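Coordinates from work15.txt are shown below (compact mmCIF, C-alpha atoms).
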# COMPACT_ATOMS: atom_id res chain seq x y z
CA MET A 1 -24.03 99.88 18.21
CA SER A 2 -25.45 100.36 14.74
CA VAL A 3 -29.17 100.06 14.22
CA LEU A 4 -30.04 97.40 11.65
CA ASN A 5 -32.82 97.75 9.11
CA VAL A 6 -34.29 94.34 9.76
CA ILE A 7 -33.77 91.39 12.05
CA ILE A 8 -35.40 88.11 11.10
CA ILE A 9 -36.07 85.56 13.83
CA GLY A 10 -36.40 82.05 12.48
CA SER A 11 -34.93 79.86 9.77
CA GLY A 12 -37.66 77.88 8.07
CA PRO A 13 -39.14 78.72 4.67
CA ALA A 14 -40.68 81.94 6.06
CA GLY A 15 -37.47 83.25 7.62
CA TYR A 16 -35.25 82.42 4.66
CA THR A 17 -37.70 83.77 2.09
CA ALA A 18 -37.98 86.99 4.09
CA ALA A 19 -34.17 87.10 4.14
CA ILE A 20 -33.88 86.57 0.38
CA TYR A 21 -36.30 89.43 -0.31
CA ALA A 22 -34.86 91.76 2.33
CA ALA A 23 -31.29 91.12 1.17
CA ARG A 24 -32.21 91.75 -2.46
CA ALA A 25 -33.81 95.02 -1.33
CA ASN A 26 -30.40 96.01 0.13
CA LEU A 27 -31.67 95.93 3.69
CA ALA A 28 -28.69 93.83 4.89
CA PRO A 29 -30.83 91.56 7.08
CA LEU A 30 -29.56 89.71 10.12
CA LEU A 31 -31.20 86.33 10.71
CA PHE A 32 -31.20 84.23 13.89
CA SER A 33 -31.58 80.56 13.03
CA GLY A 34 -32.78 79.49 16.48
CA LEU A 35 -32.90 76.29 18.49
CA GLU A 36 -34.46 74.13 15.80
CA ALA A 37 -32.61 75.62 12.85
CA GLY A 38 -34.27 74.90 9.53
CA GLY A 39 -37.58 74.31 11.24
CA GLN A 40 -40.04 71.53 10.62
CA LEU A 41 -38.67 70.72 7.15
CA THR A 42 -35.53 69.29 8.74
CA THR A 43 -37.48 66.40 10.22
CA THR A 44 -39.47 65.49 7.11
CA THR A 45 -38.49 63.20 4.27
CA TYR A 46 -39.79 63.89 0.78
CA VAL A 47 -41.62 67.14 0.20
CA GLU A 48 -43.80 66.35 -2.78
CA ASN A 49 -45.94 69.48 -2.90
CA PHE A 50 -43.42 72.30 -3.15
CA PRO A 51 -43.79 73.67 -6.68
CA GLY A 52 -40.74 73.40 -8.91
CA PHE A 53 -39.67 69.96 -7.74
CA PRO A 54 -41.68 67.53 -9.87
CA ASN A 55 -39.92 64.51 -8.36
CA GLY A 56 -40.04 65.80 -4.80
CA ILE A 57 -37.13 67.03 -2.72
CA GLN A 58 -35.86 66.06 0.71
CA GLY A 59 -37.08 68.59 3.31
CA PRO A 60 -33.62 69.19 4.82
CA GLU A 61 -32.17 69.72 1.35
CA LEU A 62 -34.89 72.22 0.45
CA VAL A 63 -34.34 74.33 3.54
CA LEU A 64 -30.54 74.24 3.21
CA ALA A 65 -30.92 75.46 -0.38
CA MET A 66 -33.05 78.33 0.93
CA ARG A 67 -30.32 79.19 3.42
CA THR A 68 -27.68 79.22 0.69
CA GLN A 69 -29.91 81.46 -1.41
CA ALA A 70 -30.40 83.88 1.50
CA GLU A 71 -26.64 83.99 2.12
CA ARG A 72 -25.91 84.54 -1.56
CA PHE A 73 -27.61 87.93 -1.40
CA GLY A 74 -25.82 89.00 1.76
CA THR A 75 -27.97 87.84 4.66
CA ARG A 76 -25.91 87.60 7.84
CA ILE A 77 -26.93 84.44 9.67
CA VAL A 78 -26.31 83.96 13.38
CA ASP A 79 -26.75 80.37 14.50
CA GLU A 80 -28.18 81.25 17.88
CA ALA A 81 -31.57 81.45 19.51
CA VAL A 82 -32.89 84.83 20.54
CA THR A 83 -33.37 84.95 24.30
CA ALA A 84 -35.41 88.16 24.65
CA VAL A 85 -37.07 90.86 22.59
CA ASP A 86 -38.14 94.37 23.55
CA PHE A 87 -40.71 95.95 21.26
CA SER A 88 -41.74 98.62 23.79
CA SER A 89 -39.42 101.29 22.39
CA ARG A 90 -37.61 102.05 19.14
CA PRO A 91 -35.32 100.83 17.79
CA PHE A 92 -36.46 97.35 18.79
CA ARG A 93 -34.01 95.44 20.90
CA ILE A 94 -33.13 91.78 20.45
CA THR A 95 -31.00 89.82 22.91
CA ALA A 96 -29.05 86.70 21.96
CA PRO A 97 -26.12 84.81 23.55
CA SER A 98 -23.59 86.84 21.55
CA GLY A 99 -25.03 90.22 22.57
CA ASN A 100 -27.70 92.86 22.08
CA PHE A 101 -28.92 93.95 18.68
CA GLU A 102 -31.07 96.88 17.58
CA ALA A 103 -33.28 97.08 14.52
CA LYS A 104 -35.86 99.34 12.94
CA THR A 105 -38.01 96.38 11.92
CA VAL A 106 -38.32 92.79 13.06
CA ILE A 107 -39.74 89.84 11.15
CA ILE A 108 -41.02 87.02 13.32
CA ALA A 109 -40.72 83.66 11.59
CA THR A 110 -40.24 81.38 14.56
CA GLY A 111 -42.73 78.82 13.28
CA ALA A 112 -44.23 76.08 15.35
CA SER A 113 -42.79 73.04 17.01
CA ALA A 114 -44.10 69.58 17.71
CA ARG A 115 -46.28 69.35 20.78
CA ARG A 116 -45.04 66.94 23.42
CA LEU A 117 -47.15 64.68 25.58
CA GLY A 118 -46.11 66.70 28.60
CA LEU A 119 -45.08 63.80 30.84
CA GLU A 120 -42.09 63.81 33.19
CA SER A 121 -41.20 60.32 31.98
CA GLU A 122 -41.24 61.59 28.40
CA LYS A 123 -38.65 64.23 29.27
CA ALA A 124 -36.50 61.75 31.18
CA LEU A 125 -36.47 59.24 28.31
CA TYR A 126 -36.01 61.70 25.45
CA GLY A 127 -33.37 60.22 23.15
CA LYS A 128 -33.72 56.91 25.00
CA GLY A 129 -36.68 55.57 23.09
CA VAL A 130 -38.76 58.74 23.10
CA SER A 131 -38.19 60.44 19.78
CA ALA A 132 -39.24 63.74 18.28
CA CYS A 133 -38.15 62.73 14.78
CA ALA A 134 -39.35 59.46 13.24
CA THR A 135 -37.31 60.01 10.08
CA CYS A 136 -34.12 60.47 12.13
CA ASP A 137 -34.62 57.71 14.64
CA GLY A 138 -36.73 55.01 12.96
CA PHE A 139 -33.50 53.16 12.20
CA PHE A 140 -32.88 52.49 15.90
CA PHE A 141 -36.15 50.56 16.21
CA LYS A 142 -35.38 47.73 13.82
CA GLY A 143 -37.18 44.63 15.01
CA LYS A 144 -38.90 46.44 17.88
CA ASP A 145 -42.49 47.39 18.61
CA VAL A 146 -43.23 51.10 18.76
CA ILE A 147 -46.19 53.30 19.53
CA VAL A 148 -47.26 56.44 17.68
CA VAL A 149 -49.57 58.80 19.52
CA GLY A 150 -52.01 60.85 17.45
CA GLY A 151 -54.72 60.64 14.83
CA GLY A 152 -53.72 63.26 12.28
CA ASP A 153 -51.75 63.22 9.04
CA ALA A 154 -48.43 63.47 10.85
CA ALA A 155 -49.26 60.42 12.97
CA MET A 156 -50.25 58.39 9.89
CA GLU A 157 -47.09 59.44 8.06
CA GLU A 158 -44.87 58.53 11.01
CA ALA A 159 -46.63 55.21 11.55
CA ASN A 160 -46.22 54.28 7.89
CA PHE A 161 -42.60 55.36 7.87
CA LEU A 162 -41.80 53.40 11.03
CA THR A 163 -43.12 50.14 9.57
CA ARG A 164 -39.95 50.10 7.45
CA PHE A 165 -38.04 49.30 10.63
CA ALA A 166 -40.37 48.28 13.44
CA THR A 167 -41.98 44.88 13.71
CA LYS A 168 -45.28 46.40 14.76
CA VAL A 169 -46.55 49.96 15.02
CA THR A 170 -49.41 50.70 17.36
CA VAL A 171 -51.24 53.98 16.81
CA ALA A 172 -52.90 55.31 19.96
CA VAL A 173 -55.82 57.59 19.13
CA ARG A 174 -57.61 59.56 21.83
CA LYS A 175 -60.98 59.35 20.07
CA ASP A 176 -62.60 56.60 18.04
CA THR A 177 -62.01 58.38 14.73
CA LEU A 178 -59.03 59.77 12.85
CA ARG A 179 -58.42 63.42 12.03
CA ALA A 180 -56.10 62.46 9.17
CA SER A 181 -56.93 63.06 5.51
CA LYS A 182 -58.56 60.23 3.58
CA ILE A 183 -55.44 59.34 1.59
CA MET A 184 -53.24 59.15 4.71
CA GLN A 185 -55.86 57.12 6.62
CA ASP A 186 -56.12 54.64 3.77
CA ARG A 187 -52.36 54.16 3.59
CA ALA A 188 -52.19 53.45 7.32
CA ARG A 189 -55.25 51.19 7.45
CA LYS A 190 -53.91 49.10 4.57
CA ASN A 191 -50.55 48.64 6.26
CA ALA A 192 -50.52 45.20 7.87
CA LYS A 193 -47.93 46.23 10.46
CA ILE A 194 -50.11 49.03 11.84
CA GLU A 195 -52.65 48.44 14.56
CA PHE A 196 -54.99 51.09 15.97
CA LEU A 197 -55.88 51.49 19.61
CA TRP A 198 -58.96 53.68 19.88
CA ASN A 199 -60.00 55.86 22.84
CA THR A 200 -56.50 55.54 24.20
CA GLU A 201 -54.10 57.97 25.85
CA VAL A 202 -50.53 57.47 26.99
CA ALA A 203 -50.57 58.14 30.73
CA GLU A 204 -46.94 57.25 31.44
CA ILE A 205 -43.84 56.05 29.66
CA LEU A 206 -42.12 53.21 31.46
CA GLY A 207 -38.41 52.54 31.77
CA VAL A 208 -37.07 55.60 33.62
CA ASP A 209 -35.50 53.26 36.19
CA VAL A 210 -33.49 51.38 33.55
CA GLY A 211 -32.67 54.39 31.37
CA HIS A 212 -34.58 53.46 28.22
CA VAL A 213 -38.17 52.96 27.16
CA THR A 214 -39.55 49.55 28.06
CA GLY A 215 -43.28 50.19 27.77
CA VAL A 216 -46.20 52.52 28.19
CA LYS A 217 -49.05 52.84 30.62
CA LEU A 218 -52.24 53.41 28.64
CA LYS A 219 -55.51 54.92 29.71
CA ASP A 220 -58.84 54.10 28.13
CA THR A 221 -60.47 57.52 27.64
CA VAL A 222 -63.98 56.02 27.88
CA THR A 223 -63.73 53.65 30.85
CA GLY A 224 -60.77 55.31 32.57
CA ALA A 225 -59.12 51.89 32.93
CA PHE A 226 -55.32 51.61 32.82
CA SER A 227 -53.27 48.96 31.08
CA GLU A 228 -49.61 48.41 30.29
CA MET A 229 -47.93 47.52 27.04
CA ASN A 230 -44.32 46.53 26.32
CA ILE A 231 -42.86 48.81 23.69
CA GLY A 232 -39.41 49.95 22.57
CA GLY A 233 -40.16 53.41 21.24
CA VAL A 234 -42.61 56.27 21.61
CA PHE A 235 -43.36 58.83 18.90
CA ALA A 236 -45.80 61.65 19.57
CA ALA A 237 -47.51 63.30 16.61
CA ILE A 238 -50.16 65.34 18.38
CA GLY A 239 -49.91 68.58 16.51
CA HIS A 240 -47.84 71.70 16.77
CA GLU A 241 -47.78 74.83 18.84
CA PRO A 242 -46.55 78.24 17.77
CA THR A 243 -43.17 79.33 19.08
CA THR A 244 -44.27 82.58 20.67
CA LYS A 245 -43.12 82.40 24.28
CA LEU A 246 -40.59 85.15 23.52
CA PHE A 247 -43.35 87.53 22.46
CA THR A 248 -45.85 87.09 25.27
CA GLY A 249 -46.83 90.53 26.51
CA GLN A 250 -44.94 92.21 23.65
CA LEU A 251 -47.55 91.99 20.92
CA GLU A 252 -51.01 90.61 20.29
CA LEU A 253 -51.33 86.83 20.27
CA ASP A 254 -54.57 84.93 19.73
CA ALA A 255 -56.09 82.49 22.20
CA LYS A 256 -53.97 79.64 20.81
CA GLY A 257 -50.78 81.66 21.06
CA TYR A 258 -50.37 82.52 17.37
CA VAL A 259 -49.19 86.01 16.37
CA VAL A 260 -52.14 88.07 15.11
CA THR A 261 -51.57 89.71 11.73
CA LYS A 262 -53.75 92.47 10.31
CA ASN A 263 -55.90 92.89 7.22
CA GLY A 264 -54.34 90.18 5.09
CA THR A 265 -50.84 91.61 5.53
CA SER A 266 -47.95 90.52 7.73
CA ALA A 267 -48.37 93.50 10.08
CA THR A 268 -48.66 92.66 13.77
CA SER A 269 -50.10 94.83 16.54
CA ILE A 270 -46.74 96.65 16.75
CA PRO A 271 -45.97 98.82 13.69
CA GLY A 272 -42.59 97.71 12.34
CA VAL A 273 -42.91 94.16 13.61
CA PHE A 274 -44.07 91.69 10.97
CA ALA A 275 -44.78 87.97 11.04
CA GLY A 276 -44.74 85.18 8.46
CA GLY A 277 -45.03 81.40 8.37
CA ASP A 278 -46.59 79.00 10.84
CA VAL A 279 -46.13 81.33 13.80
CA ALA A 280 -49.04 83.36 12.44
CA ASP A 281 -50.88 80.60 10.60
CA PHE A 282 -52.90 77.83 12.22
CA ARG A 283 -54.85 77.18 9.05
CA TYR A 284 -52.55 76.33 6.13
CA ARG A 285 -49.15 75.47 7.68
CA GLN A 286 -47.41 74.53 4.44
CA ALA A 287 -43.82 75.14 3.36
CA VAL A 288 -45.10 77.07 0.37
CA THR A 289 -47.49 79.27 2.36
CA ALA A 290 -44.72 79.97 4.88
CA ALA A 291 -42.43 81.04 2.04
CA GLY A 292 -45.26 83.22 0.68
CA THR A 293 -45.99 84.99 3.95
CA GLY A 294 -42.25 85.35 4.64
CA CYS A 295 -42.00 87.21 1.34
CA MET A 296 -44.95 89.40 2.37
CA ALA A 297 -43.22 90.24 5.65
CA ALA A 298 -40.05 91.37 3.86
CA ILE A 299 -42.00 93.54 1.43
CA ASP A 300 -44.07 95.01 4.29
CA ALA A 301 -40.87 95.75 6.25
CA GLU A 302 -39.33 97.43 3.21
CA LYS A 303 -42.43 99.63 2.73
CA PHE A 304 -42.41 100.50 6.41
CA LEU A 305 -38.76 101.57 6.24
CA GLU A 306 -39.44 103.67 3.13
CA SER A 307 -42.36 105.39 4.86
CA GLY A 308 -39.97 106.75 7.45
CA THR A 309 -42.33 106.19 10.37
CA HIS A 310 -39.81 104.21 12.41
CA MET B 1 -6.76 69.60 12.23
CA SER B 2 -10.28 68.66 11.33
CA GLU B 3 -12.72 65.99 12.34
CA VAL B 4 -11.74 62.36 12.62
CA ILE B 5 -13.97 59.92 10.77
CA LEU B 6 -14.64 57.17 13.28
CA THR B 7 -15.75 53.59 12.71
CA ASP B 8 -16.69 50.74 15.02
CA ALA B 9 -13.19 49.36 14.37
CA THR B 10 -11.33 52.53 15.37
CA PHE B 11 -13.62 53.67 18.20
CA GLU B 12 -11.66 52.02 21.01
CA LYS B 13 -8.31 53.47 19.97
CA GLU B 14 -9.43 56.90 18.74
CA VAL B 15 -12.01 57.64 21.43
CA LEU B 16 -11.68 55.48 24.52
CA GLN B 17 -7.88 55.45 24.64
CA ALA B 18 -7.41 59.08 23.66
CA SER B 19 -5.47 61.25 26.10
CA GLU B 20 -7.53 64.36 25.29
CA PRO B 21 -11.32 64.76 25.61
CA VAL B 22 -13.20 63.50 22.54
CA LEU B 23 -16.51 64.75 21.19
CA VAL B 24 -18.30 62.24 18.98
CA ASP B 25 -21.08 63.31 16.62
CA PHE B 26 -23.38 60.31 16.03
CA TRP B 27 -25.13 61.01 12.74
CA ALA B 28 -26.61 59.51 9.59
CA PRO B 29 -27.11 60.83 6.08
CA TRP B 30 -30.92 60.61 6.24
CA CYS B 31 -31.17 62.74 9.40
CA GLY B 32 -32.10 66.36 8.68
CA PRO B 33 -31.10 67.88 12.00
CA CYS B 34 -27.71 66.14 11.68
CA ARG B 35 -27.03 68.35 8.69
CA ILE B 36 -27.66 71.38 10.86
CA ILE B 37 -25.26 70.35 13.58
CA GLY B 38 -22.63 68.96 11.16
CA PRO B 39 -21.17 72.34 10.17
CA ILE B 40 -21.19 73.52 13.81
CA VAL B 41 -19.19 70.48 14.90
CA GLU B 42 -16.83 70.97 11.97
CA LYS B 43 -16.22 74.59 12.96
CA LEU B 44 -15.51 73.61 16.57
CA ALA B 45 -13.08 70.94 15.35
CA GLY B 46 -10.98 73.74 13.89
CA GLU B 47 -11.21 75.93 16.98
CA PHE B 48 -10.33 73.18 19.44
CA ALA B 49 -7.64 71.55 17.32
CA GLY B 50 -5.01 69.96 19.56
CA LYS B 51 -7.15 70.36 22.71
CA VAL B 52 -10.27 68.33 22.03
CA LYS B 53 -10.51 65.58 19.45
CA ILE B 54 -13.68 65.82 17.41
CA GLY B 55 -15.01 62.83 15.53
CA LYS B 56 -18.00 61.83 13.46
CA LEU B 57 -19.55 58.39 13.50
CA ASN B 58 -22.02 57.33 10.83
CA VAL B 59 -24.46 55.12 12.78
CA ASP B 60 -25.81 53.54 9.61
CA GLU B 61 -22.41 52.07 8.78
CA ASN B 62 -21.31 51.64 12.41
CA PRO B 63 -24.27 50.46 14.47
CA ALA B 64 -22.25 48.72 17.19
CA SER B 65 -20.77 51.84 18.84
CA ALA B 66 -24.13 53.58 18.77
CA GLN B 67 -25.71 50.58 20.43
CA THR B 68 -23.00 50.31 23.09
CA TYR B 69 -23.70 53.87 24.19
CA GLY B 70 -27.48 53.59 23.96
CA VAL B 71 -27.82 56.09 21.15
CA MET B 72 -31.46 55.87 20.03
CA SER B 73 -31.87 59.34 18.62
CA ILE B 74 -29.71 61.40 16.32
CA PRO B 75 -28.05 63.77 16.29
CA THR B 76 -26.48 62.75 19.59
CA LEU B 77 -23.19 64.20 20.76
CA ILE B 78 -21.20 62.36 23.41
CA ILE B 79 -18.15 63.83 25.06
CA TYR B 80 -15.71 61.23 26.37
CA LYS B 81 -13.01 61.91 28.91
CA GLY B 82 -10.54 59.19 29.85
CA GLY B 83 -12.68 56.59 28.11
CA GLN B 84 -15.78 57.53 30.11
CA VAL B 85 -18.91 59.36 29.01
CA ALA B 86 -18.69 62.87 30.45
CA GLU B 87 -21.71 64.32 28.69
CA GLN B 88 -24.44 63.11 26.35
CA LEU B 89 -26.41 65.66 24.37
CA VAL B 90 -29.44 64.71 22.28
CA GLY B 91 -30.67 66.88 19.43
CA VAL B 92 -29.28 69.98 17.78
CA GLN B 93 -27.11 72.06 20.11
CA GLN B 94 -26.33 75.73 19.83
CA GLU B 95 -22.81 76.60 18.78
CA SER B 96 -22.14 78.94 21.71
CA ALA B 97 -23.45 76.48 24.30
CA LEU B 98 -21.38 73.68 22.82
CA ARG B 99 -18.26 75.82 22.81
CA GLU B 100 -18.74 76.62 26.51
CA LYS B 101 -19.30 72.96 27.30
CA LEU B 102 -16.06 71.96 25.56
CA LYS B 103 -14.11 74.70 27.32
CA SER B 104 -15.41 73.53 30.68
CA LEU B 105 -14.32 69.97 29.98
CA MET B 106 -10.82 70.79 28.82
Serialized structure, C-alpha cells:
Amino acid sequence: MSVLNVIIIGSGPAGYTAAIYAARANLAPLLFSGLEAGGQLTTTTYVENFPGFPNGIQGPELVLAMRTQAERFGTRIVDEAVTAVDFSSRPFRITAPSGNFEAKTVIIATGASARRLGLESEKALYGKGVSACATCDGFFFKGKDVIVVGGGDAAMEEANFLTRFATKVTVAVRKDTLRASKIMQDRARKNAKIEFLWNTEVAEILGVDVGHVTGVKLKDTVTGAFSEMNIGGVFAAIGHEPTTKLFTGQLELDAKGYVVTKNGTSATSIPGVFAGGDVADFRYRQAVTAAGTGCMAAIDAEKFLESGTH
Amino acid sequence: MSEVILTDATFEKEVLQASEPVLVDFWAPWCGPCRIIGPIVEKLAGEFAGKVKIGKLNVDENPASAQTYGVMSIPTLIIYKGGQVAEQLVGVQQESALREKLKSLM
C-alpha cells in the first residue's frame, strides 16, 4: 500500500478548499466526502455573503462548484465516510468501507451537523414529518401547521422559509428571548404566519403509532406544565455540534468537542494532523471562514511535508 | 441502460408491475442533498442494468406518488419488489451501502 501525502476528511468549503490547494501543490490529495457530503451548504438556499457572487448563489451549487474545482486539479474523491482513524503511529491510518489508507498528513474538515432534539419519537418519525432540512422538505407541508424549535438565526430563517408553504408556523423558544440577530428577528416578528411560544420545549413528538407526525407534547420551562398541540411537521434548529466522534482520544478536543488548533494555525495536538472549517471553529462558522481555514490547513500540511519531520 | 424518468402516470406500470426490483429516487430540483445522491443513483443504474430498474421521480411535478408512499422528506429512496415497498431510505445514502442493499434484494 502506498503512503499518500495527504488525506482530507470532509467535503464542505474547508475540505474542498484544502483539496484545491493541496492538489495545486502536487500533493495528489485523497478526499473522503462523508455521510453528509457537501456539508451544511447543501441544505441552505441562497448564500448571499460569499464574496464574488453579488447576486447570491444557491448553497448546493456553490459547494458542487468547489468539488468540480478540486477535481480539476487532480483531487481523488471517495464518496464514503471514514469509519476509523489511527493517529498513534506514522504514517497515519484511515479506515473506510473500501479499505485502509495511509497518509503522511491528514486534514480534518468534518464540519458540524445540526443538533437533534434527542427524542426517541424524533428518530422514529424522521422523514415522516420530522425534517432536518426545511429547504428540502417545506414543500410537503403545504396547507399544514408546523413547529420550528429554536431561537437563533437558523430557526428564524427556517420559520420564514416555511411560511411559503405552511398555513401557520409556531416557533418554540426555550427562553423568553431570541438569540437571533436583529435583522432575522425582525423578519420573523413581522411575518403574520409566525407565532412564538416562549419558555417552551418539545418533550415528545406524537404520531409514532400511526407512522407520521400528528402533534407535539410541549413543556412549559417555567411552570413545568405539559400541553399538546396538533401539528404536521417538526423542524429543529437548535444549533450545531462538531463532527468529532471519530477523533475522540486521538487528538485534543475542547470541552464542546471541537478540535483544538494551535497559535492561529491549523495545527492540532498531533504534528501532521491539521484542521479547518467548523470542526475547529465555534465562533465564526461561515462558508468563507471555512474555505479560509481549509486553505490554511493545506498550506500547513505542505510545509510540514517539506520539513521532512513526518 | 440508465435511469427511467418516472411520472405519476407511469408509476403503476413501470414500478408496481415491474418483474424486477425497482429503486425509486424521490427528488426535487430545489433539494441540495438530492444533488448529492443523484450521481450515485445514476452510477448504480449503470451497474445494475438489467437486474434492478432504477427510476427518478420529481416530486414537484408528481406529487401524487410521493403522497401515496408517505414521502415527506427528500431525498427518499424506496425499493419496490413485486409492487410492495421492500425498503425506504430517507436522506443521502452512501454508495457502498446502497450497492450492498441492492445486491441483497436481487
**Report entry** At most 7 Å to chain B: residues in chain A, all atoms listed in the file, as a list in words
**Finding:** Leu35, Glu36, Ala37, Thr42, Thr43, Pro60, Asp79, Glu80, Gly127, Lys128, Gly129, Ser131, Thr135, Cys136, Asp137 and Phe140 of chain A
Requested in this report: One decimal, Å: what's the distance from atom CA of Asp300 of chain A over to atom CA of Ile107 of chain A, could you say?
Outcome: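 Between atom CA of Asp300 of chain A and atom CA of Ile107 of chain A the gap is 9.6 Å.
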Requested in this report: Using all atoms listed in the file, pick whichever of A:Ala18, A:Val3, A:Leu251, A:Gln69 has the shortest atom-to-atom distance to Pro91 of chain A.
Outcome: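 Result for the nearest residue to Pro91 of chain A: A:Val3.
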**Report entry** Distance query 10 Å from (-42.0, 49.6, 7.1) using all atoms listed in the file, result as a PyMOL selection string
**Finding:** chain A and resi 138+142+159-169+191-194
Save out the residues we just selected, C-alpha atoms, as a CSV table (one decimal), in the frame of the given file.
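What follows is the written file out.csv:
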chain,number,residue,atom,x,y,z
A,138,GLY,CA,-36.7,55.0,13.0
A,142,LYS,CA,-35.4,47.7,13.8
A,159,ALA,CA,-46.6,55.2,11.6
A,160,ASN,CA,-46.2,54.3,7.9
A,161,PHE,CA,-42.6,55.4,7.9
A,162,LEU,CA,-41.8,53.4,11.0
A,163,THR,CA,-43.1,50.1,9.6
A,164,ARG,CA,-40.0,50.1,7.4
A,165,PHE,CA,-38.0,49.3,10.6
A,166,ALA,CA,-40.4,48.3,13.4
A,167,THR,CA,-42.0,44.9,13.7
A,168,LYS,CA,-45.3,46.4,14.8
A,169,VAL,CA,-46.6,50.0,15.0
A,191,ASN,CA,-50.6,48.6,6.3
A,192,ALA,CA,-50.5,45.2,7.9
A,193,LYS,CA,-47.9,46.2,10.5
A,194,ILE,CA,-50.1,49.0,11.8
Requested in this report: Find the distance between atom CA of Thr293 of chain A and atom CA of Glu71 of chain A and write it in Å to one decimal.
Outcome: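 Atom CA of Thr293 of chain A sits 19.5 Å away from atom CA of Glu71 of chain A.
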Query raised in the report: Quick one: distance from atom CA of Thr177 of chain A to atom CA of Asn199 of chain A in Å, one decimal?
Result: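 Computed distance, atom CA of Thr177 of chain A to atom CA of Asn199 of chain A, equals 8.7 Å.
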If you take every atom of segment 49-63 of chain B that the file lists and fit an axis-aligned box around them with 8 Å extra on each side, what centre and edge lengths come out in Å to one decimal, as JSON?
{"center_x": -15.4, "center_y": 61.0, "center_z": 15.7, "size_x": 36.8, "size_y": 37.1, "size_z": 29.9}
Query raised in the report: With distances taken over only C-alpha atoms, which of B:Asp8, B:Glu20, B:Leu105, B:Arg99 is nearest to Val52 of chain B?
Result: B:Glu20
Report task. Please identify all polymer residues within 10 Å of Gly46 of chain B, counting only C-alpha atoms, omitting same-chain residues fewer than 5 positions from it, and present them as a ChimeraX atom specification. Result -> /B:1-3,41,52-54
**Report entry** Counting only C-alpha atoms, the option among A:Lys262, A:Leu218, A:Val208, A:Leu4 closest to Val173 of chain A
**Finding:** A:Leu218
Report task. Could you give me, as a list in words, the residues within 9 Å of Leu102 of chain B, counting all atoms listed in the file and dropping anything in the same chain fewer than 6 positions from it? Result ->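 Using all atoms listed in the file, the neighbours found are Pro21, Leu23, Phe48, Val52 and Ile79 of chain B.
You can rank A:Ala301, A:Ser227, A:Pro54, A:Ala14 by their closest distance to Asp281 of chain A using all atoms listed in the file, and at the top of that list sits A:Ala14.
When all atoms listed in the file are used to measure the gap to Val22 of chain B, the shortest distance among B:Leu77, B:Asn62, B:Tyr69, B:Thr7 belongs to B:Leu77.
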Can you fill out segment 58-70 of chain B with N, CA and C atoms and hand it back as a CSV table (one decimal), in the coordinates of the input?
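What landed in selection_0.csv:
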chain,number,residue,atom,x,y,z
B,58,ASN,N,-20.8,57.6,11.6
B,58,ASN,CA,-22.0,57.3,10.8
B,58,ASN,C,-22.7,56.1,11.4
B,59,VAL,N,-23.8,56.2,12.1
B,59,VAL,CA,-24.5,55.1,12.8
B,59,VAL,C,-25.0,54.1,11.8
B,60,ASP,N,-25.3,54.5,10.6
B,60,ASP,CA,-25.8,53.5,9.6
B,60,ASP,C,-24.7,52.5,9.3
B,61,GLU,N,-23.5,53.0,9.1
B,61,GLU,CA,-22.4,52.1,8.8
B,61,GLU,C,-21.8,51.5,10.0
B,62,ASN,N,-22.0,52.1,11.2
B,62,ASN,CA,-21.3,51.6,12.4
B,62,ASN,C,-22.3,51.5,13.6
B,63,PRO,N,-23.2,50.5,13.5
B,63,PRO,CA,-24.3,50.5,14.5
B,63,PRO,C,-23.8,50.0,15.8
B,64,ALA,N,-22.7,49.3,15.9
B,64,ALA,CA,-22.2,48.7,17.2
B,64,ALA,C,-21.9,49.8,18.2
B,65,SER,N,-21.2,50.8,17.9
B,65,SER,CA,-20.8,51.8,18.8
B,65,SER,C,-22.0,52.6,19.3
B,66,ALA,N,-22.9,52.9,18.4
B,66,ALA,CA,-24.1,53.6,18.8
B,66,ALA,C,-24.9,52.8,19.8
B,67,GLN,N,-25.0,51.5,19.5
B,67,GLN,CA,-25.7,50.6,20.4
B,67,GLN,C,-25.1,50.5,21.8
B,68,THR,N,-23.7,50.4,21.8
B,68,THR,CA,-23.0,50.3,23.1
B,68,THR,C,-23.3,51.5,24.0
B,69,TYR,N,-23.5,52.7,23.4
B,69,TYR,CA,-23.7,53.9,24.2
B,69,TYR,C,-25.2,54.3,24.2
B,70,GLY,N,-26.0,53.3,23.8
B,70,GLY,CA,-27.5,53.6,24.0
B,70,GLY,C,-28.0,54.7,23.1
